[in-house]
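In what follows, a single structure is set out as structure tokens and then discussed.
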Amino acid sequence: MAQTVAPPTANTAAVPAKLPLSAIAPWAVFFGILMMILLYFVGAEQGATSVFSGTDVHEWVHDARHLLGFPCH
């Protein structure tokens, strides 16, 4: 069985696609806010600025607090 390879027809350089900042900005803001909320719940919830009463949130994020170096007890 013979195999043939087509020779290249033109020497064109690959051009990276341009992604405008206006397309990235809403997603960057969304994920930035999401990360700030997550950081709040891991690092500051159950303290002076507590949103929820009780220790439920503390128990859910307890290991993450230790992993990220936040003191909790």
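Every chain in the structure tokens has a letter given in the order shown (A, B, ...), and although residue numbers restart at 1 in each chain, ligands are simply numbered from 1 in the order shown.
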Residue neighbourhood Ser50 in chain A, 10 Å, only C-alpha atoms, exclusion window fewer than 6 positions, as an NGL selection string
:A and (40-41 or 44 or 57)
Create the file for the chosen residues now, containing all heavy atoms and written as a PDB file, in the first residue's frame.
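New file part-v5.pdb:
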ATOM      1  N   TYR A  40     -13.074  35.028  51.895  1.00  0.00           N
ATOM      2  CA  TYR A  40     -13.767  35.489  53.100  1.00  0.00           C
ATOM      3  C   TYR A  40     -14.262  34.306  53.922  1.00  0.00           C
ATOM      4  O   TYR A  40     -14.056  34.253  55.135  1.00  0.00           O
ATOM      5  CB  TYR A  40     -14.944  36.400  52.747  1.00  0.00           C
ATOM      6  CG  TYR A  40     -15.840  36.635  53.938  1.00  0.00           C
ATOM      7  CD1 TYR A  40     -15.462  37.500  54.943  1.00  0.00           C
ATOM      8  CD2 TYR A  40     -17.033  35.931  54.070  1.00  0.00           C
ATOM      9  CE1 TYR A  40     -16.258  37.690  56.057  1.00  0.00           C
ATOM     10  CE2 TYR A  40     -17.837  36.118  55.186  1.00  0.00           C
ATOM     11  CZ  TYR A  40     -17.442  36.993  56.170  1.00  0.00           C
ATOM     12  OH  TYR A  40     -18.223  37.165  57.270  1.00  0.00           O
ATOM     13  N   PHE A  41     -14.921  33.355  53.268  1.00  0.00           N
ATOM     14  CA  PHE A  41     -15.489  32.235  54.015  1.00  0.00           C
ATOM     15  C   PHE A  41     -14.416  31.352  54.617  1.00  0.00           C
ATOM     16  O   PHE A  41     -14.587  30.813  55.705  1.00  0.00           O
ATOM     17  CB  PHE A  41     -16.426  31.409  53.135  1.00  0.00           C
ATOM     18  CG  PHE A  41     -17.804  31.986  53.068  1.00  0.00           C
ATOM     19  CD1 PHE A  41     -18.253  32.581  51.913  1.00  0.00           C
ATOM     20  CD2 PHE A  41     -18.638  31.950  54.160  1.00  0.00           C
ATOM     21  CE1 PHE A  41     -19.512  33.131  51.849  1.00  0.00           C
ATOM     22  CE2 PHE A  41     -19.901  32.501  54.121  1.00  0.00           C
ATOM     23  CZ  PHE A  41     -20.339  33.097  52.958  1.00  0.00           C
ATOM     24  N   ALA A  44     -12.208  34.461  57.187  1.00  0.00           N
ATOM     25  CA  ALA A  44     -12.738  35.413  58.150  1.00  0.00           C
ATOM     26  C   ALA A  44     -14.093  35.032  58.726  1.00  0.00           C
ATOM     27  O   ALA A  44     -14.515  35.628  59.714  1.00  0.00           O
ATOM     28  CB  ALA A  44     -12.867  36.791  57.496  1.00  0.00           C
ATOM     29  N   VAL A  57     -20.192  26.845  59.167  1.00  0.00           N
ATOM     30  CA  VAL A  57     -19.243  27.277  58.132  1.00  0.00           C
ATOM     31  C   VAL A  57     -17.825  26.957  58.570  1.00  0.00           C
ATOM     32  O   VAL A  57     -17.010  26.487  57.778  1.00  0.00           O
ATOM     33  CB  VAL A  57     -19.408  28.781  57.834  1.00  0.00           C
ATOM     34  CG1 VAL A  57     -18.346  29.264  56.874  1.00  0.00           C
ATOM     35  CG2 VAL A  57     -20.788  29.065  57.270  1.00  0.00           C
TER      36      VAL A  57
END
As a check of understanding: the span from CA of Pro71 in chain A to CA of Val42 in chain A is 10.6 Å
Run DSSP on the backbone and grab whatever in range 10-69 of chain A lands in alpha helix (DSSP H); send it over as a PyMOL selection string.
chain A and resi 21-43+56-60+62-68
Taking N, CA, C and O atoms for each residue, export the selection above as a short mmCIF file (atom, residue, chain, number, x, y, z; two decimals), in the first residue's frame.
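Output file selection.cif follows:
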data_model
loop_
_atom_site.label_atom_id
_atom_site.label_comp_id
_atom_site.auth_asym_id
_atom_site.auth_seq_id
_atom_site.Cartn_x
_atom_site.Cartn_y
_atom_site.Cartn_z
N LEU A 21 -9.53 42.80 25.22
CA LEU A 21 -9.66 42.93 26.66
C LEU A 21 -11.12 43.02 27.10
O LEU A 21 -11.49 42.53 28.16
N SER A 22 -11.96 43.57 26.23
CA SER A 22 -13.38 43.68 26.57
C SER A 22 -14.06 42.32 26.67
O SER A 22 -15.11 42.20 27.29
N ALA A 23 -13.49 41.31 26.06
CA ALA A 23 -14.04 39.96 26.16
C ALA A 23 -13.56 39.25 27.43
O ALA A 23 -14.25 38.38 27.96
N ILE A 24 -12.40 39.64 27.92
CA ILE A 24 -11.83 38.98 29.10
C ILE A 24 -12.27 39.66 30.40
O ILE A 24 -12.46 39.00 31.42
N ALA A 25 -12.47 40.96 30.37
CA ALA A 25 -12.73 41.74 31.58
C ALA A 25 -13.94 41.26 32.40
O ALA A 25 -13.83 41.12 33.62
N PRO A 26 -15.10 40.97 31.80
CA PRO A 26 -16.23 40.51 32.63
C PRO A 26 -15.94 39.20 33.34
O PRO A 26 -16.31 39.03 34.50
N TRP A 27 -15.25 38.29 32.68
CA TRP A 27 -14.91 37.02 33.31
C TRP A 27 -13.88 37.20 34.41
O TRP A 27 -13.95 36.55 35.46
N ALA A 28 -12.93 38.09 34.21
CA ALA A 28 -11.93 38.36 35.24
C ALA A 28 -12.58 38.97 36.47
O ALA A 28 -12.24 38.61 37.60
N VAL A 29 -13.51 39.88 36.28
CA VAL A 29 -14.22 40.49 37.41
C VAL A 29 -15.05 39.44 38.13
O VAL A 29 -15.06 39.36 39.37
N PHE A 30 -15.76 38.61 37.38
CA PHE A 30 -16.60 37.56 37.98
C PHE A 30 -15.77 36.60 38.84
O PHE A 30 -16.11 36.33 39.99
N PHE A 31 -14.67 36.09 38.29
CA PHE A 31 -13.85 35.15 39.04
C PHE A 31 -13.10 35.83 40.18
O PHE A 31 -12.86 35.22 41.22
N GLY A 32 -12.77 37.11 40.03
CA GLY A 32 -12.15 37.85 41.12
C GLY A 32 -13.09 37.98 42.30
O GLY A 32 -12.70 37.78 43.46
N ILE A 33 -14.35 38.33 42.02
CA ILE A 33 -15.35 38.44 43.09
C ILE A 33 -15.60 37.07 43.73
O ILE A 33 -15.70 36.96 44.96
N LEU A 34 -15.68 36.04 42.91
CA LEU A 34 -15.89 34.69 43.43
C LEU A 34 -14.74 34.27 44.35
O LEU A 34 -14.97 33.69 45.42
N MET A 35 -13.52 34.58 43.98
CA MET A 35 -12.37 34.23 44.81
C MET A 35 -12.35 35.04 46.11
O MET A 35 -11.97 34.52 47.16
N MET A 36 -12.77 36.30 46.05
CA MET A 36 -12.83 37.10 47.27
C MET A 36 -13.88 36.55 48.24
O MET A 36 -13.65 36.53 49.46
N ILE A 37 -15.00 36.11 47.73
CA ILE A 37 -16.03 35.50 48.57
C ILE A 37 -15.52 34.22 49.20
O ILE A 37 -15.69 33.96 50.40
N LEU A 38 -14.85 33.39 48.40
CA LEU A 38 -14.28 32.15 48.92
C LEU A 38 -13.22 32.44 49.98
O LEU A 38 -13.19 31.79 51.03
N LEU A 39 -12.38 33.42 49.73
CA LEU A 39 -11.35 33.78 50.71
C LEU A 39 -11.98 34.28 52.00
O LEU A 39 -11.49 33.99 53.09
N TYR A 40 -13.07 35.03 51.90
CA TYR A 40 -13.77 35.49 53.10
C TYR A 40 -14.26 34.31 53.92
O TYR A 40 -14.06 34.25 55.14
N PHE A 41 -14.92 33.35 53.27
CA PHE A 41 -15.49 32.24 54.01
C PHE A 41 -14.42 31.35 54.62
O PHE A 41 -14.59 30.81 55.71
N VAL A 42 -13.29 31.21 53.94
CA VAL A 42 -12.22 30.39 54.50
C VAL A 42 -11.47 31.13 55.59
O VAL A 42 -11.14 30.57 56.62
N GLY A 43 -11.23 32.42 55.39
CA GLY A 43 -10.36 33.13 56.30
C GLY A 43 -11.01 33.94 57.39
O GLY A 43 -10.41 34.13 58.45
N ASP A 56 -21.22 26.03 61.73
CA ASP A 56 -21.33 25.19 60.54
C ASP A 56 -20.31 25.57 59.47
O ASP A 56 -19.63 24.70 58.91
N VAL A 57 -20.19 26.85 59.17
CA VAL A 57 -19.24 27.28 58.13
C VAL A 57 -17.83 26.96 58.57
O VAL A 57 -17.01 26.49 57.78
N HIS A 58 -17.52 27.18 59.84
CA HIS A 58 -16.18 26.88 60.35
C HIS A 58 -15.85 25.41 60.17
O HIS A 58 -14.74 25.06 59.75
N GLU A 59 -16.78 24.54 60.44
CA GLU A 59 -16.52 23.11 60.31
C GLU A 59 -16.33 22.70 58.84
O GLU A 59 -15.54 21.82 58.54
N TRP A 60 -17.05 23.35 57.93
CA TRP A 60 -16.92 23.02 56.51
C TRP A 60 -15.58 23.45 55.93
O TRP A 60 -15.05 22.81 55.03
N HIS A 62 -12.73 24.13 57.78
CA HIS A 62 -11.69 23.99 58.79
C HIS A 62 -10.35 23.56 58.20
O HIS A 62 -9.31 24.15 58.48
N ASP A 63 -10.34 22.52 57.39
CA ASP A 63 -9.09 22.03 56.81
C ASP A 63 -8.49 23.03 55.82
O ASP A 63 -7.27 23.15 55.73
N ALA A 64 -9.34 23.75 55.11
CA ALA A 64 -8.82 24.76 54.18
C ALA A 64 -8.14 25.89 54.95
O ALA A 64 -7.15 26.45 54.48
N ARG A 65 -8.65 26.21 56.12
CA ARG A 65 -8.01 27.25 56.93
C ARG A 65 -6.59 26.84 57.28
O ARG A 65 -5.66 27.62 57.19
N HIS A 66 -6.41 25.60 57.73
CA HIS A 66 -5.08 25.13 58.07
C HIS A 66 -4.18 25.05 56.84
O HIS A 66 -3.00 25.41 56.91
N LEU A 67 -4.71 24.61 55.72
CA LEU A 67 -3.94 24.50 54.49
C LEU A 67 -3.43 25.86 54.03
O LEU A 67 -2.30 25.99 53.58
N LEU A 68 -4.25 26.89 54.17
CA LEU A 68 -3.87 28.24 53.73
C LEU A 68 -3.17 29.06 54.80
O LEU A 68 -2.77 30.19 54.57
#
Which value, in Å to one decimal, gives the distance between CA of Val5 in chain A and CA of Ala17 in chain A?
28.4 Å
